[in-house]
>>> print(open('coords26.txt').read())   # compact mmCIF, C-alpha atoms and all ligand atoms
# COMPACT_ATOMS: atom_id res chain seq x y z
CA MET A 1 -25.33 -28.24 -90.95
CA GLU A 2 -28.08 -25.87 -92.07
CA HIS A 3 -29.14 -28.53 -94.54
CA GLN A 4 -29.71 -31.08 -91.82
CA ALA A 5 -32.74 -31.32 -89.64
CA MET A 6 -31.80 -30.68 -86.08
CA LEU A 7 -33.78 -32.06 -83.21
CA HIS A 8 -33.81 -30.11 -80.00
CA ARG A 9 -34.80 -31.62 -76.70
CA SER A 10 -36.99 -28.99 -75.20
CA ILE A 11 -36.32 -28.28 -71.58
CA PHE A 12 -39.65 -26.58 -71.12
CA GLY A 13 -41.94 -28.07 -73.74
CA GLY A 14 -42.11 -31.57 -72.28
CA GLY A 15 -40.71 -33.29 -75.32
CA VAL A 16 -38.68 -33.07 -78.46
CA GLN A 17 -39.06 -30.22 -80.86
CA PHE A 18 -37.71 -30.28 -84.35
CA LEU A 19 -35.86 -27.45 -85.96
CA LEU A 20 -36.88 -27.71 -89.57
CA GLY A 21 -34.47 -26.67 -92.27
CA PRO A 22 -34.88 -25.14 -95.73
CA HIS A 23 -35.67 -28.50 -97.31
CA MET A 24 -38.99 -28.25 -95.50
CA GLY A 25 -39.84 -25.11 -97.40
CA MET A 26 -38.46 -22.67 -94.87
CA ASN A 27 -35.96 -19.93 -95.28
CA GLU A 28 -32.64 -21.17 -93.97
CA HIS A 29 -32.15 -17.91 -92.09
CA ASN A 30 -35.53 -18.16 -90.47
CA HIS A 31 -35.75 -21.57 -88.89
CA SER A 32 -38.85 -22.23 -86.86
CA LEU A 33 -39.28 -24.48 -83.91
CA ILE A 34 -42.32 -26.57 -84.58
CA SER A 35 -43.83 -28.72 -81.92
CA ILE A 36 -45.32 -31.80 -83.46
CA THR A 37 -48.81 -32.43 -82.19
CA LYS A 38 -50.27 -34.89 -84.65
CA SER A 39 -49.12 -38.32 -85.64
CA ARG A 40 -50.32 -40.56 -88.38
CA PHE A 41 -48.78 -43.42 -86.49
CA PHE A 42 -50.77 -42.72 -83.38
CA SER A 43 -54.06 -42.02 -85.08
CA LYS A 44 -53.76 -45.07 -87.29
CA HIS A 45 -52.31 -47.60 -84.89
CA LEU A 46 -53.06 -46.78 -81.30
CA ILE A 47 -56.69 -47.91 -81.22
CA SER A 48 -56.24 -50.94 -83.42
CA GLN A 49 -53.15 -52.06 -81.50
CA ARG A 50 -55.08 -51.88 -78.23
CA LYS A 51 -57.54 -54.33 -79.74
CA CYS A 52 -54.71 -56.60 -80.75
CA PHE A 53 -53.26 -57.06 -77.28
CA LYS A 54 -55.51 -59.94 -76.34
CA SER A 55 -55.25 -61.65 -79.65
CA SER A 56 -51.46 -61.45 -79.68
CA ILE A 57 -51.33 -63.05 -76.25
CA SER A 58 -53.80 -65.79 -77.10
CA CYS A 59 -51.74 -66.33 -80.21
CA SER A 60 -48.64 -66.96 -78.18
CA SER A 61 -50.53 -69.26 -75.78
CA GLU A 62 -51.84 -71.17 -78.74
CA LYS A 63 -48.31 -71.63 -79.98
CA LEU A 64 -47.09 -72.91 -76.63
CA ASN A 65 -49.99 -75.32 -76.25
CA GLY A 66 -49.91 -76.47 -79.81
CA PRO A 67 -47.52 -78.59 -81.82
CA HIS A 68 -44.53 -76.54 -80.64
CA GLU A 69 -45.06 -77.31 -76.95
CA ARG A 70 -42.32 -79.90 -76.71
CA LYS A 71 -39.88 -77.64 -78.51
CA GLU A 72 -40.58 -74.64 -76.24
CA ASN A 73 -40.36 -76.67 -73.06
CA THR A 74 -36.92 -78.07 -73.76
CA ALA A 75 -35.49 -74.71 -74.79
CA LYS A 76 -32.74 -73.22 -72.65
CA VAL A 77 -32.30 -70.04 -74.66
CA ILE A 78 -34.85 -68.24 -76.78
CA TYR A 79 -33.57 -65.31 -78.78
CA SER A 80 -34.90 -62.76 -81.21
CA VAL A 81 -32.94 -60.92 -83.88
CA ALA A 82 -33.66 -57.33 -84.88
CA PRO A 83 -30.53 -55.94 -86.54
CA ALA A 84 -31.96 -52.58 -87.74
CA MET A 85 -30.00 -52.71 -90.99
CA GLY A 86 -31.30 -49.34 -92.15
CA HIS A 87 -30.30 -47.56 -88.94
CA ASN A 88 -26.64 -47.12 -89.79
CA LYS A 89 -24.03 -44.43 -90.05
CA GLU A 90 -20.66 -44.96 -91.62
CA ALA A 91 -17.79 -45.21 -89.13
CA HIS A 92 -20.18 -44.92 -86.18
CA PRO A 93 -19.52 -47.49 -83.42
CA GLU A 94 -23.27 -48.22 -83.06
CA CYS A 95 -23.50 -49.55 -86.62
CA SER A 96 -25.58 -52.10 -88.49
CA SER A 97 -22.85 -54.76 -88.50
CA ARG A 98 -23.19 -55.40 -84.76
CA VAL A 99 -26.09 -57.87 -84.67
CA PRO A 100 -25.02 -59.76 -87.83
CA ALA A 101 -21.55 -60.17 -86.26
CA ILE A 102 -23.18 -61.83 -83.24
CA VAL A 103 -25.43 -64.04 -85.37
CA ASN A 104 -22.46 -65.13 -87.50
CA ALA A 105 -20.43 -65.97 -84.40
CA LEU A 106 -23.29 -68.01 -82.95
CA GLU A 107 -23.48 -69.91 -86.23
CA LYS A 108 -19.72 -70.45 -86.37
CA LEU A 109 -19.59 -71.61 -82.76
CA GLU A 110 -22.55 -73.94 -83.39
CA LEU A 111 -24.86 -72.17 -80.95
CA THR A 112 -27.92 -71.89 -83.19
CA PRO A 113 -31.07 -74.07 -83.58
CA LYS A 114 -29.47 -75.72 -86.62
CA PHE A 115 -26.82 -77.29 -84.38
CA ARG A 116 -28.67 -77.52 -81.06
CA GLY A 117 -32.14 -78.69 -82.00
CA SER A 118 -34.72 -77.54 -79.50
CA GLU A 119 -32.19 -76.41 -76.87
CA ILE A 120 -31.68 -73.06 -78.59
CA VAL A 121 -34.75 -71.47 -80.18
CA GLN A 122 -34.92 -68.44 -82.41
CA LEU A 123 -38.20 -66.61 -81.96
CA GLN A 124 -39.68 -65.98 -85.39
CA ASN A 125 -42.51 -63.60 -86.26
CA PHE A 126 -42.30 -61.55 -83.10
CA ARG A 127 -44.52 -58.53 -82.94
CA THR A 128 -43.66 -54.88 -83.37
CA ALA A 129 -44.03 -52.69 -80.30
CA THR A 130 -47.10 -50.47 -80.29
CA ALA A 131 -47.29 -46.79 -79.55
CA GLU A 132 -48.95 -47.72 -76.28
CA ASP A 133 -45.96 -49.87 -75.32
CA ILE A 134 -43.50 -47.06 -76.06
CA ALA A 135 -45.66 -44.43 -74.33
CA SER A 136 -45.44 -46.39 -71.09
CA VAL A 137 -41.92 -44.94 -70.78
CA HIS A 138 -41.58 -42.09 -73.30
CA THR A 139 -43.59 -38.90 -73.76
CA LYS A 140 -46.00 -38.81 -76.67
CA SER A 141 -44.43 -35.60 -77.94
CA TYR A 142 -41.12 -37.43 -78.34
CA ILE A 143 -42.72 -40.39 -80.12
CA PHE A 144 -44.82 -38.13 -82.40
CA GLY A 145 -41.79 -36.00 -83.17
CA LEU A 146 -39.51 -38.88 -84.02
CA GLU A 147 -42.07 -40.38 -86.37
CA LYS A 148 -42.50 -37.02 -88.06
CA ALA A 149 -38.75 -36.58 -88.40
CA MET A 150 -38.60 -39.71 -90.58
CA GLU A 151 -39.85 -37.62 -93.51
CA GLN A 152 -36.83 -35.37 -93.18
CA ALA A 153 -34.53 -38.34 -92.76
CA SER A 154 -35.82 -39.90 -95.99
CA GLU A 155 -34.96 -36.73 -97.85
CA GLN A 156 -31.54 -36.32 -96.29
CA GLY A 157 -30.42 -39.89 -95.57
CA ILE A 158 -29.35 -39.14 -92.04
CA ILE A 159 -30.21 -36.64 -89.35
CA HIS A 160 -28.49 -35.80 -86.11
CA ILE A 161 -30.23 -35.40 -82.84
CA ASP A 162 -28.91 -32.40 -80.97
CA GLY A 163 -28.58 -32.51 -77.22
CA SER A 164 -28.80 -36.30 -77.19
CA GLY A 165 -25.17 -37.29 -77.27
CA PRO A 166 -23.97 -38.51 -80.64
CA THR A 167 -27.28 -40.06 -81.68
CA TYR A 168 -28.29 -40.24 -85.32
CA ALA A 169 -31.46 -41.27 -87.13
CA THR A 170 -32.18 -42.50 -90.65
CA SER A 171 -35.49 -42.92 -92.46
CA THR A 172 -35.95 -46.39 -90.94
CA THR A 173 -35.02 -45.51 -87.35
CA PHE A 174 -38.57 -45.10 -86.07
CA ASN A 175 -39.88 -48.38 -87.46
CA GLU A 176 -36.74 -50.34 -86.66
CA SER A 177 -36.79 -49.05 -83.09
CA LEU A 178 -40.38 -50.27 -82.73
CA ILE A 179 -39.29 -53.65 -84.09
CA ALA A 180 -36.38 -53.80 -81.61
CA ALA A 181 -38.61 -53.01 -78.65
CA GLY A 182 -41.19 -55.54 -79.88
CA ALA A 183 -38.55 -58.25 -80.19
CA GLY A 184 -37.92 -57.81 -76.47
CA LEU A 185 -41.60 -57.78 -75.52
CA SER A 186 -42.29 -60.98 -77.42
CA LEU A 187 -39.47 -62.66 -75.52
CA VAL A 188 -41.07 -61.56 -72.26
CA ASP A 189 -44.30 -63.22 -73.50
CA SER A 190 -42.47 -66.46 -74.40
CA VAL A 191 -40.46 -66.69 -71.19
CA VAL A 192 -43.44 -65.91 -68.95
CA GLU A 193 -45.66 -68.41 -70.77
CA ALA A 194 -42.98 -71.10 -70.54
CA SER A 195 -42.56 -70.44 -66.81
CA LYS A 196 -46.19 -71.44 -66.27
CA THR A 197 -45.45 -75.01 -67.24
CA SER A 198 -41.76 -75.36 -66.44
CA GLU A 199 -39.48 -74.59 -63.52
CA ASN A 200 -36.70 -74.07 -66.03
CA PRO A 201 -38.02 -71.74 -68.71
CA PRO A 202 -35.53 -70.59 -71.34
CA VAL A 203 -33.58 -67.39 -70.79
CA GLY A 204 -34.61 -64.78 -73.36
CA PHE A 205 -32.00 -62.81 -75.28
CA ALA A 206 -33.04 -59.90 -77.49
CA LEU A 207 -30.30 -59.36 -80.07
CA ILE A 208 -31.58 -55.95 -80.96
CA ARG A 209 -30.56 -52.43 -81.83
CA PRO A 210 -30.66 -49.49 -81.56
CA PRO A 211 -29.87 -49.94 -77.88
CA GLY A 212 -32.05 -48.35 -75.21
CA HIS A 213 -30.69 -47.68 -71.74
CA HIS A 214 -29.58 -44.07 -72.29
CA ALA A 215 -32.88 -42.97 -73.91
CA VAL A 216 -34.70 -40.76 -71.42
CA PRO A 217 -38.48 -40.39 -71.19
CA LYS A 218 -38.40 -37.14 -73.19
CA GLY A 219 -35.98 -38.13 -75.91
CA PRO A 220 -33.18 -40.21 -77.42
CA MET A 221 -29.66 -40.14 -76.01
CA GLY A 222 -26.26 -41.78 -76.37
CA PHE A 223 -26.98 -43.97 -79.47
CA CYS A 224 -30.28 -45.06 -77.84
CA VAL A 225 -33.74 -44.39 -79.28
CA PHE A 226 -36.37 -46.18 -77.15
CA GLY A 227 -35.70 -47.65 -73.69
CA ASN A 228 -36.17 -51.29 -74.67
CA VAL A 229 -35.60 -52.73 -71.20
CA ALA A 230 -37.73 -50.08 -69.46
CA ILE A 231 -40.58 -50.63 -71.94
CA ALA A 232 -40.35 -54.38 -71.27
CA ALA A 233 -40.46 -53.81 -67.51
CA ARG A 234 -43.69 -51.82 -67.80
CA TYR A 235 -45.06 -54.43 -70.22
CA ALA A 236 -44.31 -57.28 -67.79
CA GLN A 237 -46.27 -55.43 -65.13
CA ARG A 238 -49.18 -54.35 -67.33
CA VAL A 239 -49.72 -57.42 -69.46
CA HIS A 240 -48.44 -60.25 -67.28
CA GLY A 241 -49.20 -58.89 -63.83
CA LEU A 242 -45.58 -59.27 -62.73
CA LYS A 243 -45.44 -56.52 -60.17
CA ARG A 244 -41.80 -56.49 -59.11
CA VAL A 245 -39.14 -56.16 -61.77
CA PHE A 246 -35.39 -56.29 -61.04
CA ILE A 247 -33.21 -54.72 -63.73
CA ILE A 248 -29.48 -55.42 -63.83
CA ASP A 249 -27.47 -53.12 -66.12
CA PHE A 250 -23.88 -54.30 -66.56
CA ASP A 251 -23.10 -52.11 -69.57
CA VAL A 252 -19.93 -50.09 -68.88
CA HIS A 253 -21.97 -46.89 -69.07
CA HIS A 254 -24.64 -45.78 -66.64
CA GLY A 255 -28.17 -46.66 -67.78
CA ASN A 256 -29.41 -43.15 -67.08
CA GLY A 257 -32.62 -43.54 -69.12
CA THR A 258 -33.77 -46.59 -67.16
CA ASN A 259 -32.64 -44.89 -63.97
CA ASP A 260 -34.78 -41.83 -64.72
CA ALA A 261 -37.84 -43.83 -65.81
CA PHE A 262 -38.11 -45.61 -62.46
CA TYR A 263 -36.40 -43.28 -59.99
CA ASP A 264 -39.60 -42.83 -57.93
CA ASP A 265 -40.90 -46.37 -58.40
CA PRO A 266 -40.59 -48.85 -55.52
CA ASP A 267 -41.66 -51.80 -57.69
CA ILE A 268 -38.88 -51.62 -60.27
CA PHE A 269 -35.40 -52.03 -58.82
CA PHE A 270 -32.70 -50.63 -61.08
CA LEU A 271 -29.13 -51.75 -60.41
CA SER A 272 -26.34 -50.38 -62.58
CA THR A 273 -22.61 -51.05 -62.47
CA HIS A 274 -20.60 -48.66 -64.63
CA GLN A 275 -17.22 -47.05 -65.05
CA ASP A 276 -16.84 -44.05 -62.78
CA GLY A 277 -16.63 -40.85 -64.83
CA SER A 278 -17.65 -42.41 -68.16
CA TYR A 279 -20.52 -41.22 -70.38
CA PRO A 280 -22.96 -39.72 -69.49
CA GLY A 281 -21.52 -38.86 -66.09
CA THR A 282 -24.67 -39.78 -64.15
CA GLY A 283 -25.23 -42.66 -61.73
CA LYS A 284 -23.40 -41.41 -58.67
CA ILE A 285 -23.20 -43.83 -55.77
CA ASP A 286 -25.55 -41.79 -53.60
CA ASN A 287 -28.29 -41.66 -56.27
CA ILE A 288 -30.50 -44.29 -54.65
CA GLY A 289 -34.00 -43.34 -55.82
CA HIS A 290 -36.51 -40.78 -54.64
CA GLY A 291 -39.75 -40.68 -52.67
CA ASP A 292 -41.43 -44.10 -52.62
CA GLY A 293 -38.60 -45.32 -54.84
CA GLU A 294 -35.86 -44.48 -52.37
CA GLY A 295 -33.61 -47.51 -52.05
CA ALA A 296 -34.91 -49.12 -55.28
CA THR A 297 -32.13 -47.63 -57.40
CA LEU A 298 -28.58 -48.83 -56.86
CA ASN A 299 -25.77 -47.14 -58.73
CA LEU A 300 -22.29 -48.58 -58.38
CA PRO A 301 -19.61 -46.62 -60.23
CA LEU A 302 -16.35 -48.58 -60.36
CA ALA A 303 -12.88 -47.26 -61.09
CA GLY A 304 -11.44 -47.60 -64.60
CA GLY A 305 -9.44 -50.83 -64.86
CA SER A 306 -12.03 -52.84 -62.91
CA GLY A 307 -12.31 -56.31 -64.35
CA ASP A 308 -13.22 -59.91 -63.67
CA ILE A 309 -12.28 -59.93 -59.98
CA ALA A 310 -14.22 -56.74 -59.30
CA MET A 311 -17.35 -57.96 -61.08
CA ARG A 312 -17.35 -61.37 -59.37
CA THR A 313 -17.06 -59.66 -55.99
CA VAL A 314 -19.79 -57.16 -56.87
CA PHE A 315 -22.06 -59.94 -58.02
CA HIS A 316 -21.84 -61.89 -54.80
CA GLN A 317 -21.65 -59.01 -52.34
CA VAL A 318 -24.03 -56.51 -53.97
CA ILE A 319 -26.21 -57.94 -56.75
CA VAL A 320 -27.24 -61.19 -55.04
CA PRO A 321 -28.27 -59.67 -51.67
CA SER A 322 -30.07 -56.77 -53.40
CA ALA A 323 -32.07 -59.15 -55.57
CA GLN A 324 -32.82 -61.50 -52.68
CA ARG A 325 -34.16 -58.68 -50.55
CA PHE A 326 -36.22 -57.20 -53.41
CA ASN A 327 -37.69 -60.61 -54.29
CA PRO A 328 -38.60 -59.92 -57.93
CA ASP A 329 -41.18 -61.54 -60.21
CA ILE A 330 -38.86 -61.24 -63.23
CA ILE A 331 -35.26 -60.18 -63.89
CA LEU A 332 -34.46 -58.07 -66.96
CA VAL A 333 -30.89 -57.37 -67.99
CA SER A 334 -29.35 -54.47 -69.89
CA ALA A 335 -26.55 -56.54 -71.36
CA GLY A 336 -23.85 -54.25 -72.63
CA TYR A 337 -20.55 -55.77 -73.69
CA ASP A 338 -18.50 -52.57 -73.79
CA GLY A 339 -16.89 -53.38 -70.44
CA HIS A 340 -14.72 -55.90 -72.31
CA VAL A 341 -11.03 -55.09 -72.17
CA LEU A 342 -10.90 -54.90 -75.98
CA ASP A 343 -13.81 -52.49 -76.31
CA PRO A 344 -12.79 -49.10 -77.70
CA LEU A 345 -15.24 -46.91 -75.79
CA ALA A 346 -14.29 -47.47 -72.14
CA ASN A 347 -11.63 -48.80 -69.76
CA PHE A 348 -12.90 -51.83 -67.91
CA GLN A 349 -11.07 -55.16 -68.11
CA PHE A 350 -13.92 -57.64 -68.38
CA THR A 351 -13.15 -60.78 -70.39
CA THR A 352 -15.49 -63.15 -72.21
CA GLY A 353 -15.15 -65.26 -69.04
CA THR A 354 -16.62 -62.38 -67.02
CA TYR A 355 -19.67 -62.38 -69.29
CA TYR A 356 -20.02 -66.16 -68.96
CA MET A 357 -19.99 -65.73 -65.17
CA LEU A 358 -22.59 -62.95 -65.33
CA ALA A 359 -24.93 -64.93 -67.62
CA SER A 360 -24.61 -68.09 -65.57
CA SER A 361 -25.04 -66.32 -62.22
CA ILE A 362 -28.00 -64.22 -63.34
CA LYS A 363 -29.74 -67.30 -64.73
CA GLN A 364 -29.22 -69.04 -61.37
CA LEU A 365 -30.50 -65.99 -59.49
CA ALA A 366 -33.66 -65.92 -61.62
CA LYS A 367 -34.18 -69.61 -60.97
CA GLU A 368 -33.90 -69.11 -57.22
CA LEU A 369 -36.00 -65.95 -57.00
CA CYS A 370 -38.55 -65.72 -59.80
CA GLY A 371 -39.28 -69.03 -61.49
CA GLY A 372 -36.39 -68.58 -63.92
CA ARG A 373 -38.06 -65.64 -65.67
CA CYS A 374 -35.20 -63.65 -67.18
CA VAL A 375 -34.66 -61.72 -70.41
CA PHE A 376 -31.41 -60.12 -71.63
CA PHE A 377 -31.45 -57.05 -73.89
CA LEU A 378 -28.42 -56.12 -75.98
CA GLU A 379 -27.09 -52.65 -75.17
CA GLY A 380 -23.49 -51.60 -75.95
CA GLY A 381 -20.45 -53.52 -77.21
CA TYR A 382 -18.45 -52.02 -80.06
CA ASN A 383 -15.54 -54.34 -80.70
CA LEU A 384 -17.30 -56.82 -82.96
CA LYS A 385 -15.06 -59.72 -82.00
CA SER A 386 -15.27 -59.34 -78.23
CA LEU A 387 -18.98 -58.47 -78.51
CA SER A 388 -19.88 -61.59 -80.47
CA ASN A 389 -17.63 -63.92 -78.43
CA SER A 390 -19.10 -62.56 -75.20
CA VAL A 391 -22.69 -63.06 -76.36
CA ALA A 392 -21.76 -66.58 -77.49
CA GLU A 393 -20.30 -67.28 -74.04
CA SER A 394 -23.55 -66.01 -72.52
CA PHE A 395 -25.46 -68.54 -74.65
CA ARG A 396 -23.07 -71.27 -73.51
CA ALA A 397 -23.75 -70.33 -69.90
CA PHE A 398 -27.52 -70.45 -70.47
CA ILE A 399 -27.39 -73.96 -71.91
CA GLY A 400 -25.10 -75.10 -69.07
CA GLU A 401 -22.15 -75.85 -71.28
CA LYS A 402 -18.56 -75.35 -70.16
CA SER A 403 -17.03 -71.97 -70.89
CA MET A 404 -14.59 -71.69 -73.77
CA ALA A 405 -13.36 -68.33 -72.51
CA THR A 406 -9.80 -69.46 -71.87
CA GLN A 407 -9.51 -70.22 -75.59
CA LEU A 408 -11.11 -66.92 -76.59
CA ASP A 409 -9.43 -64.51 -74.17
CA GLU A 410 -5.89 -63.23 -74.37
CA PHE A 411 -4.72 -62.39 -70.89
CA GLY A 412 -1.32 -60.91 -71.78
CA PHE A 413 -2.54 -57.33 -71.86
CA LEU A 414 -4.44 -57.35 -68.57
CA TYR A 415 -3.03 -55.25 -65.75
CA ASP A 416 -3.73 -55.17 -62.01
CA GLU A 417 -7.26 -54.17 -61.10
CA PRO A 418 -7.76 -51.17 -58.76
CA SER A 419 -8.73 -53.50 -55.93
CA PHE A 420 -8.54 -50.93 -53.14
CA LYS A 421 -10.86 -48.49 -54.94
CA VAL A 422 -13.26 -51.33 -55.76
CA LYS A 423 -13.33 -52.41 -52.12
CA GLN A 424 -14.02 -48.83 -51.03
CA ALA A 425 -16.93 -48.57 -53.48
CA ILE A 426 -18.38 -51.91 -52.36
CA ASP A 427 -18.10 -50.94 -48.69
CA ARG A 428 -19.82 -47.65 -49.41
CA ILE A 429 -22.68 -49.21 -51.39
CA LYS A 430 -23.22 -51.82 -48.68
CA HIS A 431 -23.48 -49.06 -46.12
CA LEU A 432 -25.81 -46.89 -48.26
CA HIS A 433 -28.16 -49.79 -49.02
CA SER A 434 -27.77 -51.67 -45.72
CA LEU A 435 -26.59 -54.81 -47.49
ZN ZN S 501 -22.39 -48.63 -73.08
>>> encode(input="coords26.txt", output="structure tokens")
Amino acid sequence: MEHQAMLHRSIFGGGVQFLLGPHMGMNEHNHSLISITKSRFFSKHLISQRKCFKSSISCSSEKLNGPHERKENTAKVIYSVAPAMGHNKEAHPECSSRVPAIVNALEKLELTPKFRGSEIVQLQNFRTATAEDIASVHTKSYIFGLEKAMEQASEQGIIHIDGSGPTYATSTTFNESLIAAGAGLSLVDSVVEASKTSENPPVGFALIRPPGHHAVPKGPMGFCVFGNVAIAARYAQRVHGLKRVFIIDFDVHHGNGTNDAFYDDPDIFFLSTHQDGSYPGTGKIDNIGHGDGEGATLNLPLAGGSGDIAMRTVFHQVIVPSAQRFNPDIILVSAGYDGHVLDPLANFQFTTGTYYMLASSIKQLAKELCGGRCVFFLEGGYNLKSLSNSVAESFRAFIGEKSMATQLDEFGFLYDEPSFKVKQAIDRIKHLHSL
């Protein structure tokens, strides 16, 4: 352990500090906490990236108005792929085989552009997120520090981030996390641009990792490095003037990072369903936002064993009325697939059919409320088979094709859902939020 760099989230320093080990030229018995204050990344890229904002947007407009116009307008799904192949740890559930497993399943199930022509579009050449994008959610000391830590990671192969849940970093983590966030932002650009000329813009799906919803403003957490969905929400406001953003987080775990980023903000509604008592233990039902943001955070913990029936009821009785009342300009989704009954990390009983229902219903909600503007961001999902089948079913829902869930799901191992506890939770949330 003394030969690994350890990252400490400072509770008083406003960011991450890095405990440097002997490989950095220090005596291993005399570690020093060094607060990183300079960043080559920032000094080199921040100013030039600011200049690039306009050109990157005019670039994407050019693309939509150019020879690809017909192709973009008929698209029902547009997805980007950022697999972060270098950000990997052996035997870790959040590993580099996750995104390739999804892409392979899409190929096998004939849900790629090769089989679907212009109906399904893969976004190529998306941009990397800038420091300015990331700093809209995270502290600069965290971003500086993570970039600096890459030097240590290149020497050691892998570093562990203390106080952040079991989160690791490799020498490529910083760059690959910027790429992941950028893959989401570019989808926001594409979907928003398409919505200007079509009532049925494609749904965006960022097949990205590392995931983001646990990452808090001051640091990484729970396998998550940068808050991809939170960064996209701020980007939609700043760059596209979409003031009101509705975020649905159906990952089995509470999206505490997104929750914290917008807890005081009345213009970003954060709605999370999660397993009661699961990691990280936050997201209690009476955590409803603070100050001006009171009422714009909805946390619905559900008892272990909750499944398809619970989620369908929650969707119609909680998610729909919350979204209708909020009246968003765009819907962003933290799409975690670890609520699947086969997932090893939690105890929900969602099926691939549940994820088809969610994708189809959220698409419909976006159509009714915000011109169809909707982007999904991959979060959890650690059983590669149920993860990839569930994403494929989401694609099928987006293109309006019949679900194949009954052929993919095995129902033999499902047990009765805790319907009384679910009803109690729904009644309580309706009372708390006056739904
Ligand atoms: Zn999760």
>>> residues_near_ligand(input="coords26.txt", ligand="ligand ZN 501 (chain S)", cutoff="12 Å", atoms="only C-alpha atoms and all ligand atoms", output="JSON, numbers by chain")
{"A": [93, 94, 210, 211, 212, 213, 214, 215, 221, 222, 223, 224, 249, 250, 251, 252, 253, 254, 255, 256, 272, 273, 274, 275, 278, 279, 280, 334, 335, 336, 337, 338, 339, 340, 343, 344, 345, 346, 347, 348, 378, 379, 380, 381, 382, 383, 387]}
>>> atom_distance(input="coords26.txt", atom1="atom CA of Val121 of chain A", atom2="atom CA of Leu342 of chain A")
29.3 Å
>>> residues_around(input="coords26.txt", residues="Leu414 of chain A", least_positions_apart="5", cutoff="12 Å", atoms="all atoms listed in the file", output="PyMOL selection string")
chain A and resi 305-309+340-342+347-351+409
>>> closest_residue(input="coords26.txt", among="A:Ile159, A:Leu109, A:Ala169, A:Ile285", to="Gly86 of chain A", atoms="only C-alpha atoms")
A:Ala169
>>> residues_near_point(input="coords26.txt", point="(-39.3, -68.5, -73.6)", cutoff="9 Å", atoms="only C-alpha atoms", output="PyMOL selection string")
chain A and resi 72-73+75-79+121+123+186-195+201-204+373+375
>>> closest_residue(input="coords26.txt", among="A:Thr112, A:Gln424, A:Thr258, A:Ser96", to="Ser80 of chain A", atoms="only C-alpha atoms")
A:Thr112
>>> axis_aligned_box(input="coords26.txt", around="segment 141-148 of chain A", padding_each_side="4 Å", output="JSON")
{"center_x": -42.2, "center_y": -38.0, "center_z": -83.0, "size_x": 13.3, "size_y": 12.8, "size_z": 18.1}
>>> atom_distance(input="coords26.txt", atom1="atom CA of Asn104 of chain A", atom2="atom CA of Gln124 of chain A")
17.4 Å
>>> atom_distance(input="coords26.txt", atom1="atom CA of Gly184 of chain A", atom2="atom CA of Ser141 of chain A")
23.2 Å
>>> residues_around(input="coords26.txt", residues="Gly293 of chain A", least_positions_apart="3", cutoff="12 Å", atoms="all atoms listed in the file", output="list in words")
Asn259, Asp260, Ala261, Phe262, Tyr263, Asp264, Asp265, Pro266, Asp267, Ile268, Phe269, Phe270, Asn287, Ile288, Gly289, His290, Ala296, Thr297 and Leu298 of chain A
>>> closest_atom_pairs(input="coords26.txt", of="segment 215-244 of chain A", to="segment 325-328 of chain A", cutoff="9 Å", atoms="only C-alpha atoms", output="tab-separated table")
residue	atom	partner	partner_atom	distance
A:Leu242	CA	A:Pro328	CA	8.5
A:Lys243	CA	A:Pro328	CA	8.0
A:Arg244	CA	A:Pro328	CA	4.8
>>> write_last_selection(input="coords26.txt", atoms="C-alpha atoms", output="PDB file, in the frame of the given file")
ATOM      1  CA  LEU A 242     -45.580 -59.270 -62.730  1.00  0.00           C
ATOM      2  CA  LYS A 243     -45.440 -56.520 -60.170  1.00  0.00           C
ATOM      3  CA  ARG A 244     -41.800 -56.490 -59.110  1.00  0.00           C
TER       4      ARG A 244
END
>>> closest_residue(input="coords26.txt", among="A:Lys284, A:Ile330, A:Ala82, A:Ala303", to="Lys421 of chain A", atoms="all atoms listed in the file")
A:Ala303
>>> closest_residue(input="coords26.txt", among="A:Ser394, A:Thr74, A:Gln317, A:Asn175", to="Tyr355 of chain A", atoms="only C-alpha atoms")
A:Ser394
>>> residues_near_point(input="coords26.txt", point="(-18.6, -57.5, -53.0)", cutoff="9 Å", atoms="only C-alpha atoms", output="list in words")
Ala310, Met311, Arg312, Thr313, Val314, Phe315, His316, Gln317, Val318, Ile319, Val422, Lys423, Ile426, Asp427 and Lys430 of chain A
>>> residues_around(input="coords26.txt", residues="Pro217 of chain A", least_positions_apart="5", cutoff="9 Å", atoms="only C-alpha atoms", output="list of chain:residue names")
A:Gly15, A:Ala135, A:Val137, A:His138, A:Thr139, A:Tyr142, A:Phe226, A:Gly227, A:Gly257, A:Thr258, A:Asp260, A:Ala261
>>> closest_residue(input="coords26.txt", among="A:Ala397, A:Ala149, A:Leu300, A:Ile134", to="Ile429 of chain A", atoms="all atoms listed in the file")
A:Leu300
>>> closest_residue(input="coords26.txt", among="A:Ile143, A:Val320, A:Ala153, A:Val245", to="Gly219 of chain A", atoms="all atoms listed in the file")
A:Ile143
